[in-house]
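Structure record follows, encoded as structure tokens.
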Amino acid sequence: METEKFLYGASVQGIQSFIFQTNELKDIVGASELVEQICTDRFAQSIGKVNAEALKTDPNAILMAAGNIKYIFQESDKEKLENLIKKFPKTVIEAAPGITVSQAVVKYRSDDNSPESENQAFKSAINLLEKQLREQRNKPLRSSTLGIIGVMRSPKTGLPAVAIDDGEAIDLGTQKKRASAHKGNKNSTKKLCEKSFGLPHLDHDQIAYDITDMTDKNDWIAIIHADGNGLGQIVQKVGHLQKT
């Protein structure tokens with residue numbers, strides 16, 4: 001007898017504004033690390049996995065990339081699903097203040113045990129899931145970074161300051177970004193550059209760890225932000241393909 005399944009979906013919002021909130025290179029690196037961890041390690045740990053590596057061999061893990069999560073829960077894991085829905089948004093907000101996440105769940109079952117019936121049921125479920133996620137994204141969320149009028153604010157972001165870093169008042173989001181960037185010293189920046197440039201084993205002297213490293217001879221710098229056209233739609237289509 002075919003049991004019911006639950007297709008869970010989460011969509012992370014505000015990624016670009018979170019990463020590029022300031023032009024500090026260390027903040028951008030730290031923010032990128034935090035966003036990647038949301039869809040990988042933090043989600044894996046929220047469902048009882050050790051880390052994201054465990055999801056690579058999990059047949060229920062459909063998509064964990066580009067701010068999108070899709071995961072299948074079996075009927076026996078219903079309690080785990082309910083616990084995830086309650087706690088995952090709080091996990092995201094605490095890890096990366098300024099980031100929000102929308103969630104939706106679709107229950108489905110196939111008519112029989114054939115692969116064709118299973119794939120058809122899955123396709124219908126994922127179309128409904130995308131519709132529900134769009135509806136959730138349109139609901140306004142209360143900011144988690146509100147402060148009283150008389151509070152000191154970060155001069156770069158305008159958000160309430162929670163600490164002083166190197167003589168500068170910083171908000172909670174910036175504090176989390178810098179903690180993430182500093183966790184591996186220069187290794188976080190090195191890892192991000194190797195992944196972004198597709199060049200493994202870069203030497204430290206090949207990487208600019210601060211803007212001033214690039215302006216000793218020329219103060220004119222062009223920063224190019226390339227965003228793949230229709231990338232979000234491509235990722236959604238990939239999510240329609242169930243693992244075999």
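In the structure tokens, each chain is lettered A, B, ... as it comes, each chain's residues begin at 1, and ligands are numbered from 1 in order of appearance.
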- Task: Using only C-alpha atoms, determine which residues lie at most 8 Å from range 64-78 of chain A, disregarding the query and same-chain residues fewer than 5 positions distant; provide the list as a PyMOL selection string.
- Result: chain A and resi 3-13+15+35-36+38-40+232+235+239
So which residues touch Ile85 in chain A within 9 Å, counting only C-alpha atoms, skipping near sequence neighbours fewer than 4 positions away, as a PDB file with C-alpha atoms, in the first residue's frame?
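Result went into result_32.pdb, see below:
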```
ATOM      1  CA  LYS A  80      10.175  15.702  12.418  1.00  0.00           C
ATOM      2  CA  LEU A  81       8.558  17.812   9.681  1.00  0.00           C
ATOM      3  CA  PRO A  89      12.725  30.183  10.505  1.00  0.00           C
ATOM      4  CA  GLN A 103       7.953  27.613   3.964  1.00  0.00           C
ATOM      5  CA  ALA A 104       5.251  25.405   2.479  1.00  0.00           C
TER       6      ALA A 104
END
```
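Between CA of Asp165 in chain A and CA of Thr22 in chain A the separation is 14.8 Å.
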- Enumerate as a ChimeraX atom specification all residues of range 73-150 of chain A assigned to alpha helix (DSSP H) by DSSP on the backbone, naming them with the chain letters and numbers the document uses. /A:78-95,115-137
- Message: Write out as a ChimeraX atom specification the set of residues from range 31-83 of chain A that DSSP, computed on the backbone, places in strand (DSSP E or B).
- Response: /A:61-65,68-74
What does the file look like for those residues with N, CA, C and O atoms, as a PDB file, in the first residue's frame?
```
ATOM      1  N   ALA A  61      16.455  14.175  -0.373  1.00  0.00           N
ATOM      2  CA  ALA A  61      16.951  15.535  -0.584  1.00  0.00           C
ATOM      3  C   ALA A  61      16.864  15.866  -2.074  1.00  0.00           C
ATOM      4  O   ALA A  61      17.595  15.311  -2.888  1.00  0.00           O
ATOM      5  N   ILE A  62      15.974  16.763  -2.443  1.00  0.00           N
ATOM      6  CA  ILE A  62      15.744  17.097  -3.854  1.00  0.00           C
ATOM      7  C   ILE A  62      16.569  18.287  -4.303  1.00  0.00           C
ATOM      8  O   ILE A  62      17.223  18.264  -5.337  1.00  0.00           O
ATOM      9  N   LEU A  63      16.579  19.349  -3.506  1.00  0.00           N
ATOM     10  CA  LEU A  63      17.271  20.575  -3.911  1.00  0.00           C
ATOM     11  C   LEU A  63      17.715  21.352  -2.682  1.00  0.00           C
ATOM     12  O   LEU A  63      16.928  21.597  -1.774  1.00  0.00           O
ATOM     13  N   MET A  64      18.989  21.718  -2.635  1.00  0.00           N
ATOM     14  CA  MET A  64      19.554  22.545  -1.565  1.00  0.00           C
ATOM     15  C   MET A  64      20.548  23.516  -2.184  1.00  0.00           C
ATOM     16  O   MET A  64      21.759  23.349  -2.080  1.00  0.00           O
ATOM     17  N   ALA A  65      20.077  24.533  -2.875  1.00  0.00           N
ATOM     18  CA  ALA A  65      20.969  25.465  -3.558  1.00  0.00           C
ATOM     19  C   ALA A  65      20.236  26.749  -3.910  1.00  0.00           C
ATOM     20  O   ALA A  65      19.007  26.755  -4.036  1.00  0.00           O
ATOM     21  N   ASN A  68      17.087  27.865  -2.202  1.00  0.00           N
ATOM     22  CA  ASN A  68      15.909  27.009  -2.325  1.00  0.00           C
ATOM     23  C   ASN A  68      16.165  25.643  -1.694  1.00  0.00           C
ATOM     24  O   ASN A  68      17.237  25.063  -1.871  1.00  0.00           O
ATOM     25  N   ILE A  69      15.167  25.160  -0.970  1.00  0.00           N
ATOM     26  CA  ILE A  69      15.245  23.845  -0.330  1.00  0.00           C
ATOM     27  C   ILE A  69      13.993  23.051  -0.683  1.00  0.00           C
ATOM     28  O   ILE A  69      12.876  23.573  -0.586  1.00  0.00           O
ATOM     29  N   LYS A  70      14.197  21.820  -1.096  1.00  0.00           N
ATOM     30  CA  LYS A  70      13.080  20.902  -1.321  1.00  0.00           C
ATOM     31  C   LYS A  70      13.471  19.532  -0.783  1.00  0.00           C
ATOM     32  O   LYS A  70      14.510  18.991  -1.158  1.00  0.00           O
ATOM     33  N   TYR A  71      12.623  19.007   0.076  1.00  0.00           N
ATOM     34  CA  TYR A  71      12.942  17.753   0.752  1.00  0.00           C
ATOM     35  C   TYR A  71      11.652  16.952   0.957  1.00  0.00           C
ATOM     36  O   TYR A  71      10.599  17.523   1.274  1.00  0.00           O
ATOM     37  N   ILE A  72      11.729  15.643   0.767  1.00  0.00           N
ATOM     38  CA  ILE A  72      10.569  14.766   0.936  1.00  0.00           C
ATOM     39  C   ILE A  72      10.608  14.112   2.308  1.00  0.00           C
ATOM     40  O   ILE A  72      11.610  13.498   2.684  1.00  0.00           O
ATOM     41  N   PHE A  73       9.513  14.257   3.045  1.00  0.00           N
ATOM     42  CA  PHE A  73       9.368  13.586   4.331  1.00  0.00           C
ATOM     43  C   PHE A  73       8.381  12.432   4.186  1.00  0.00           C
ATOM     44  O   PHE A  73       7.304  12.597   3.598  1.00  0.00           O
ATOM     45  N   GLN A  74       8.742  11.288   4.706  1.00  0.00           N
ATOM     46  CA  GLN A  74       7.847  10.145   4.696  1.00  0.00           C
ATOM     47  C   GLN A  74       6.787  10.322   5.778  1.00  0.00           C
ATOM     48  O   GLN A  74       6.924  11.144   6.693  1.00  0.00           O
TER      49      GLN A  74
END
```
